[in-house]
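Asks: Dumping the structure here so I can ask a few things about it.
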Amino acid sequence: MAKHITPRSEDYSRWYQDIVKKAGLADNSAVRGCMVIKPYGYAIWEKMRDQLDKMFKETGHVNAYFPLFIPKSFLSKEAEHVEGFAKECAVVTHHRLMNDPNGNGVVVDPSAKLEEELIVRPTSETIIWNTYKDWIQSYRDLPLLINQWANVVRWEMRTRPFLRTAEFLWQEGHTAHATSQEAEAEARQMHDVYARFCEEFIAMPVIKGSKTDNEKFAGAEDTYTIEALMQDGKALQAGTSHFLGQNFAKAFDVKYLNSENKEEYVWATSWGVTTRLVGALVMTHSDDEGLVLPPKLAPIQVVIVPIPKPSPEIDELAEKLLAGLSAKGVSVKYDKDDTKRPGFKFAEYEMKGVPVRLGIGKRDLEKGVVEVARRDEKTKESVAVDQVENHVLNLLDEIQANLLDRVKRFRDDHITEVNSFDEFKEVIEGKGGFVSAHWDGTTATEKKIKELTKATIRCIPLDQADESGTCVLTGEPSARRVLFAKAY
RNA sequence: CGGGGCGUAGCGCAGUCCGGUUAGCGCACCUGCUUUGGGAGCAGGGGGCCGCAGGUUCGAAUCCUGCCGCCCCGACCA
């Protein structure tokens, strides 16, 4: 059967959902707003997770695990924080079920009401800082550099697989430091780690910047963000790193004695990326034929397809190539399923985004070649058997680089400087992408622009020269340009 | 939470307006044969509380009432 994917030009949102479903990444579940991550989708997340975990360890962090449930009272200790999350929390009120006296299955046992309700964590700052209070006494206990891999729940109105679901997987780093400078450096360091991960592994260039007061994390002093651009011209926040100042330390009374025996509040950061990155990956590279995966995150990097079906001669060569490539660390699959025809397999592996496909048929055997097809450019070539291994190794690198290059060009073409509000609207409504414009620095203007155009300030880019000008909406003076876009 | 749409086989749908044999089609699945360099062909076969609960009727997928769920679009958000 031809598995039809809605073309991007027709309906980008449906195209995205088709890819997620037909490439076998995730299914809708019986639970509203929650998805089932299927093995293939989870394999991609695992690759991301393993790589990120390695990078966290390299920067001195260790993993730990904190409770799923947070006492309600904890959330109200930091006023801005509770403000940010209160509207989307799942609340546990009882701890027991009982048989319905009327015979309708089970019901909540009213006598099992919790004295203090528990909140399913939307993020773990509060439970963690409540714990850190006991762990930190002296400057010798600092810095405390901890990460946790966990699920969190945010009761969203509208959900989309990977991009926004009620429950999602993520990592959250929570660190404590003796000085403001050190905490700031940590927040920026992890910001860099995220940006590097996105570029090197997802092959997705990101813009590093800081959030405006309006857009920053509830409870943070500063929020650093990485912003990516999707194919449809909308921006996607791919990760954030927060400098929390002493807000949580004060709320949870976390103090340490410095070397002069003086008590001080600690300085904090938190930082996270989520399974949303899987959605970002999909929307960054894929095409109307299906998923396109960067080799570094592809669960299967190379697939070998026998044409038209396995035979002793084909098997022999395939097994040899498989062994050789596997020894070099490449994940290879030899598809020996003889109930499927080659054409079906080609389409299927293209749907799944496998970067490189090797085809071996009788004609190839006679000529001593293998057909090598690359997913990113959809091209094929014949390569002599004894060169296949090196060729594939190089090709994987080339594909990884090509994807990044391609996306970078698209992204750079979609950062448009504008100097009037008319231009601003024209670009936002037409071309899309990021709009670089002067802004007077007020939340009121930011909100007004959003109201008028649906575009929000994605970030104040870090690596950008100051340039004085006038606000695109109000004409008030502005010290630098900021990036606006419609966002996911 | 507003607006729109949809619940019939694993998936996609027709049938519903205007009630009437045994509920149908495509894909998928199973068996067999023939095929096989870009999603194979033929033949045979299995699979349905027609979203749930009431009601009207001799008779309900179809009409009425209530409920539940899902999707899309918006407001809010990683």
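Naming scheme: A, B, ... for chains in displayed order of the structure tokens; residues 1 onward per chain; ligands 1 onward as shown.
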For C25 of chain B, work out the shell of residues within 12 Å, counting only C-alpha atoms (C1' of nucleotides) and skipping chain neighbours fewer than 4 positions away, then give it as number ranges by chain.

Replies: B: 9, 12-15

Asks: Report as a PyMOL selection string the set of chain B residues whose atoms approach chain A to within 7 Å, with distances computed over only C-alpha atoms (C1' of nucleotides).

Replies: chain B and resi 27+36-39+77-78

Asks: For segment 116-131 of chain A, find every residue with an atom within 7 Å (counting only C-alpha atoms (C1' of nucleotides)), except residues of its own chain fewer than 6 positions away, and show them as a PyMOL selection string.

Replies: chain A and resi 66+68-72+74-75+89-93+152-154+248+252

Asks: Those residues with N, CA, C and O atoms, as a PDB file, in the first residue's frame please?

Replies:
```
ATOM      1  N   PHE A  66      14.561  12.461  41.999  1.00  0.00           N
ATOM      2  CA  PHE A  66      13.701  13.051  43.027  1.00  0.00           C
ATOM      3  C   PHE A  66      12.243  12.643  42.781  1.00  0.00           C
ATOM      4  O   PHE A  66      11.895  12.213  41.676  1.00  0.00           O
ATOM      5  N   LEU A  68       8.269  12.064  42.113  1.00  0.00           N
ATOM      6  CA  LEU A  68       7.277  12.504  41.124  1.00  0.00           C
ATOM      7  C   LEU A  68       6.283  13.476  41.752  1.00  0.00           C
ATOM      8  O   LEU A  68       5.778  14.377  41.097  1.00  0.00           O
ATOM      9  N   PHE A  69       6.023  13.259  43.061  1.00  0.00           N
ATOM     10  CA  PHE A  69       4.991  14.058  43.734  1.00  0.00           C
ATOM     11  C   PHE A  69       5.601  15.180  44.553  1.00  0.00           C
ATOM     12  O   PHE A  69       6.631  15.000  45.197  1.00  0.00           O
ATOM     13  N   ILE A  70       4.933  16.303  44.518  1.00  0.00           N
ATOM     14  CA  ILE A  70       5.407  17.457  45.259  1.00  0.00           C
ATOM     15  C   ILE A  70       4.283  17.954  46.170  1.00  0.00           C
ATOM     16  O   ILE A  70       3.178  18.214  45.692  1.00  0.00           O
ATOM     17  N   PRO A  71       4.575  18.069  47.459  1.00  0.00           N
ATOM     18  CA  PRO A  71       3.538  18.589  48.357  1.00  0.00           C
ATOM     19  C   PRO A  71       3.065  19.960  47.877  1.00  0.00           C
ATOM     20  O   PRO A  71       3.877  20.788  47.469  1.00  0.00           O
ATOM     21  N   LYS A  72       1.802  20.157  47.935  1.00  0.00           N
ATOM     22  CA  LYS A  72       1.223  21.391  47.396  1.00  0.00           C
ATOM     23  C   LYS A  72       1.876  22.639  47.993  1.00  0.00           C
ATOM     24  O   LYS A  72       2.129  23.618  47.293  1.00  0.00           O
ATOM     25  N   PHE A  74       4.814  23.242  48.828  1.00  0.00           N
ATOM     26  CA  PHE A  74       6.122  23.587  48.268  1.00  0.00           C
ATOM     27  C   PHE A  74       5.984  24.570  47.109  1.00  0.00           C
ATOM     28  O   PHE A  74       6.799  25.463  46.938  1.00  0.00           O
ATOM     29  N   LEU A  75       4.951  24.352  46.325  1.00  0.00           N
ATOM     30  CA  LEU A  75       4.816  25.161  45.123  1.00  0.00           C
ATOM     31  C   LEU A  75       4.497  26.612  45.434  1.00  0.00           C
ATOM     32  O   LEU A  75       4.776  27.495  44.640  1.00  0.00           O
ATOM     33  N   CYS A  89      -1.383  22.120  36.568  1.00  0.00           N
ATOM     34  CA  CYS A  89      -0.907  21.042  37.428  1.00  0.00           C
ATOM     35  C   CYS A  89      -1.948  19.941  37.633  1.00  0.00           C
ATOM     36  O   CYS A  89      -3.124  20.206  37.836  1.00  0.00           O
ATOM     37  N   ALA A  90      -1.457  18.701  37.608  1.00  0.00           N
ATOM     38  CA  ALA A  90      -2.297  17.555  37.986  1.00  0.00           C
ATOM     39  C   ALA A  90      -2.160  17.381  39.491  1.00  0.00           C
ATOM     40  O   ALA A  90      -1.061  17.474  40.036  1.00  0.00           O
ATOM     41  N   VAL A  91      -3.271  17.168  40.165  1.00  0.00           N
ATOM     42  CA  VAL A  91      -3.294  17.134  41.619  1.00  0.00           C
ATOM     43  C   VAL A  91      -3.786  15.780  42.113  1.00  0.00           C
ATOM     44  O   VAL A  91      -4.813  15.286  41.660  1.00  0.00           O
ATOM     45  N   VAL A  92      -3.021  15.200  43.011  1.00  0.00           N
ATOM     46  CA  VAL A  92      -3.448  13.926  43.624  1.00  0.00           C
ATOM     47  C   VAL A  92      -4.149  14.240  44.929  1.00  0.00           C
ATOM     48  O   VAL A  92      -3.583  14.879  45.815  1.00  0.00           O
ATOM     49  N   THR A  93      -5.381  13.789  45.043  1.00  0.00           N
ATOM     50  CA  THR A  93      -6.171  14.128  46.235  1.00  0.00           C
ATOM     51  C   THR A  93      -6.462  12.927  47.126  1.00  0.00           C
ATOM     52  O   THR A  93      -6.772  13.089  48.295  1.00  0.00           O
ATOM     53  N   VAL A 152       7.636  14.637  33.442  1.00  0.00           N
ATOM     54  CA  VAL A 152       6.885  15.692  34.129  1.00  0.00           C
ATOM     55  C   VAL A 152       5.520  15.836  33.456  1.00  0.00           C
ATOM     56  O   VAL A 152       5.321  15.364  32.339  1.00  0.00           O
ATOM     57  N   VAL A 153       4.615  16.472  34.176  1.00  0.00           N
ATOM     58  CA  VAL A 153       3.256  16.631  33.661  1.00  0.00           C
ATOM     59  C   VAL A 153       2.852  18.106  33.682  1.00  0.00           C
ATOM     60  O   VAL A 153       3.017  18.782  34.699  1.00  0.00           O
ATOM     61  N   ARG A 154       2.427  18.567  32.545  1.00  0.00           N
ATOM     62  CA  ARG A 154       1.850  19.923  32.475  1.00  0.00           C
ATOM     63  C   ARG A 154       0.545  19.797  31.716  1.00  0.00           C
ATOM     64  O   ARG A 154       0.547  19.365  30.560  1.00  0.00           O
ATOM     65  N   PHE A 248      15.249  30.608  44.823  1.00  0.00           N
ATOM     66  CA  PHE A 248      14.855  29.353  45.463  1.00  0.00           C
ATOM     67  C   PHE A 248      15.596  29.137  46.780  1.00  0.00           C
ATOM     68  O   PHE A 248      15.064  28.557  47.717  1.00  0.00           O
ATOM     69  N   PHE A 252      13.518  28.434  50.079  1.00  0.00           N
ATOM     70  CA  PHE A 252      13.667  27.173  50.807  1.00  0.00           C
ATOM     71  C   PHE A 252      14.768  27.248  51.867  1.00  0.00           C
ATOM     72  O   PHE A 252      15.179  26.242  52.419  1.00  0.00           O
TER      73      PHE A 252
END
```

Asks: Counting only C-alpha atoms (C1' of nucleotides), what is within 12 Å of His242 of chain A, bar same-chain residues fewer than 3 positions away, as a PyMOL selection string?

Replies: chain A and resi 125+172-175+183-191+209-211+215-226+239+245-247+267-273

Asks: Can you write out the residues you just picked, keeping N, CA, C and O atoms, as a compact mmCIF listing (two decimals), in the first residue's frame?

Replies:
```txt
# COMPACT_ATOMS: atom_id res chain seq x y z
N GLU A 125 12.06 22.09 40.75
CA GLU A 125 12.79 23.05 41.59
C GLU A 125 12.42 22.95 43.06
O GLU A 125 13.29 22.92 43.93
N GLU A 172 16.40 17.55 33.79
CA GLU A 172 16.45 18.85 34.45
C GLU A 172 17.68 18.88 35.31
O GLU A 172 17.87 18.04 36.19
N GLY A 173 18.55 19.83 35.02
CA GLY A 173 19.74 20.01 35.84
C GLY A 173 19.43 21.05 36.90
O GLY A 173 18.75 22.04 36.64
N HIS A 174 19.92 20.81 38.11
CA HIS A 174 19.70 21.76 39.21
C HIS A 174 21.00 21.91 39.96
O HIS A 174 21.49 20.95 40.56
N THR A 175 21.55 23.10 39.90
CA THR A 175 22.86 23.27 40.52
C THR A 175 22.84 24.40 41.56
O THR A 175 22.03 25.32 41.47
N ALA A 183 27.30 30.71 39.27
CA ALA A 183 26.00 30.21 38.82
C ALA A 183 25.71 30.73 37.41
O ALA A 183 25.22 29.98 36.55
N GLU A 184 26.01 31.99 37.19
CA GLU A 184 25.82 32.56 35.84
C GLU A 184 26.63 31.77 34.82
O GLU A 184 26.15 31.43 33.74
N ALA A 185 27.87 31.48 35.18
CA ALA A 185 28.76 30.75 34.27
C ALA A 185 28.19 29.36 34.00
O ALA A 185 28.25 28.86 32.87
N GLU A 186 27.63 28.75 35.00
CA GLU A 186 27.04 27.42 34.84
C GLU A 186 25.84 27.48 33.88
O GLU A 186 25.72 26.67 32.96
N ALA A 187 24.99 28.45 34.08
CA ALA A 187 23.81 28.58 33.21
C ALA A 187 24.25 28.77 31.76
O ALA A 187 23.70 28.17 30.84
N ARG A 188 25.28 29.56 31.57
CA ARG A 188 25.77 29.80 30.22
C ARG A 188 26.48 28.58 29.66
O ARG A 188 26.39 28.28 28.48
N GLN A 189 27.20 27.89 30.52
CA GLN A 189 27.89 26.68 30.06
C GLN A 189 26.88 25.66 29.52
O GLN A 189 27.06 25.08 28.45
N MET A 190 25.77 25.44 30.25
CA MET A 190 24.81 24.44 29.83
C MET A 190 24.05 24.91 28.58
O MET A 190 23.68 24.11 27.73
N HIS A 191 23.86 26.19 28.51
CA HIS A 191 23.30 26.79 27.31
C HIS A 191 24.18 26.43 26.10
O HIS A 191 23.68 26.01 25.05
N GLY A 209 20.32 32.96 22.84
CA GLY A 209 19.92 34.29 23.30
C GLY A 209 19.36 34.23 24.69
O GLY A 209 19.31 33.17 25.31
N SER A 210 18.93 35.38 25.17
CA SER A 210 18.25 35.36 26.46
C SER A 210 16.80 35.78 26.25
O SER A 210 16.46 36.46 25.28
N LYS A 211 15.96 35.34 27.17
CA LYS A 211 14.54 35.63 27.10
C LYS A 211 14.25 37.01 27.69
O LYS A 211 14.97 37.50 28.57
N GLU A 215 9.02 36.44 28.82
CA GLU A 215 9.11 35.07 28.32
C GLU A 215 9.95 34.16 29.20
O GLU A 215 9.99 32.96 28.99
N LYS A 216 10.61 34.71 30.18
CA LYS A 216 11.53 33.87 30.95
C LYS A 216 10.79 32.93 31.90
O LYS A 216 9.62 33.10 32.18
N PHE A 217 11.53 31.95 32.39
CA PHE A 217 11.00 30.94 33.30
C PHE A 217 10.52 31.58 34.59
O PHE A 217 11.18 32.46 35.15
N ALA A 218 9.37 31.11 35.05
CA ALA A 218 8.82 31.66 36.29
C ALA A 218 9.74 31.33 37.46
O ALA A 218 9.94 30.17 37.79
N GLY A 219 10.31 32.34 38.05
CA GLY A 219 11.22 32.11 39.17
C GLY A 219 12.67 32.34 38.82
O GLY A 219 13.54 32.25 39.68
N ALA A 220 12.95 32.62 37.55
CA ALA A 220 14.34 32.83 37.12
C ALA A 220 14.67 34.31 37.08
O ALA A 220 13.81 35.15 36.89
N GLU A 221 15.97 34.59 37.25
CA GLU A 221 16.46 35.95 37.05
C GLU A 221 16.72 36.16 35.56
O GLU A 221 16.38 37.18 34.99
N ASP A 222 17.37 35.15 34.97
CA ASP A 222 17.65 35.19 33.53
C ASP A 222 17.38 33.82 32.94
O ASP A 222 17.70 32.80 33.55
N THR A 223 16.79 33.81 31.76
CA THR A 223 16.60 32.56 31.04
C THR A 223 17.33 32.64 29.72
O THR A 223 17.12 33.58 28.94
N TYR A 224 18.22 31.67 29.52
CA TYR A 224 18.91 31.57 28.23
C TYR A 224 18.19 30.52 27.40
O TYR A 224 17.79 29.48 27.92
N THR A 225 18.05 30.80 26.13
CA THR A 225 17.30 29.88 25.28
C THR A 225 18.07 29.57 24.02
O THR A 225 18.92 30.36 23.58
N ILE A 226 17.77 28.40 23.46
CA ILE A 226 18.23 28.12 22.10
C ILE A 226 16.98 28.05 21.23
O ILE A 226 16.02 27.34 21.56
N GLY A 239 15.47 24.49 24.02
CA GLY A 239 16.05 24.20 25.33
C GLY A 239 16.25 25.51 26.09
O GLY A 239 16.39 26.56 25.47
N GLY A 245 19.34 32.99 40.38
CA GLY A 245 19.70 33.91 41.45
C GLY A 245 19.61 33.21 42.79
O GLY A 245 20.02 32.06 42.93
N GLN A 246 19.05 33.90 43.78
CA GLN A 246 18.90 33.29 45.11
C GLN A 246 17.42 33.05 45.42
O GLN A 246 17.04 32.81 46.56
N ASN A 247 16.61 33.11 44.37
CA ASN A 247 15.16 33.01 44.59
C ASN A 247 14.75 31.73 45.31
O ASN A 247 13.98 31.77 46.27
N TRP A 267 23.51 30.28 45.27
CA TRP A 267 23.06 30.74 43.96
C TRP A 267 22.72 29.53 43.10
O TRP A 267 23.40 28.51 43.20
N ALA A 268 21.71 29.65 42.27
CA ALA A 268 21.19 28.45 41.62
C ALA A 268 21.05 28.57 40.11
O ALA A 268 20.94 29.67 39.57
N THR A 269 21.04 27.39 39.48
CA THR A 269 20.66 27.33 38.07
C THR A 269 19.74 26.13 37.87
O THR A 269 19.70 25.22 38.69
N SER A 270 19.01 26.15 36.78
CA SER A 270 18.34 24.93 36.32
C SER A 270 18.30 24.99 34.81
O SER A 270 18.34 26.08 34.23
N TRP A 271 18.25 23.81 34.18
CA TRP A 271 18.32 23.77 32.73
C TRP A 271 17.71 22.46 32.23
O TRP A 271 17.80 21.43 32.90
N GLY A 272 17.05 22.53 31.10
CA GLY A 272 16.37 21.33 30.63
C GLY A 272 16.14 21.28 29.13
O GLY A 272 16.00 22.31 28.47
N VAL A 273 16.14 20.06 28.64
CA VAL A 273 15.63 19.81 27.28
C VAL A 273 14.71 18.59 27.36
O VAL A 273 14.81 17.79 28.28
```

Asks: Which parts of segment 316-402 of chain A does DSSP call strand (DSSP E or B) when run on the backbone here, written out as a count of residues only?

Replies: 21
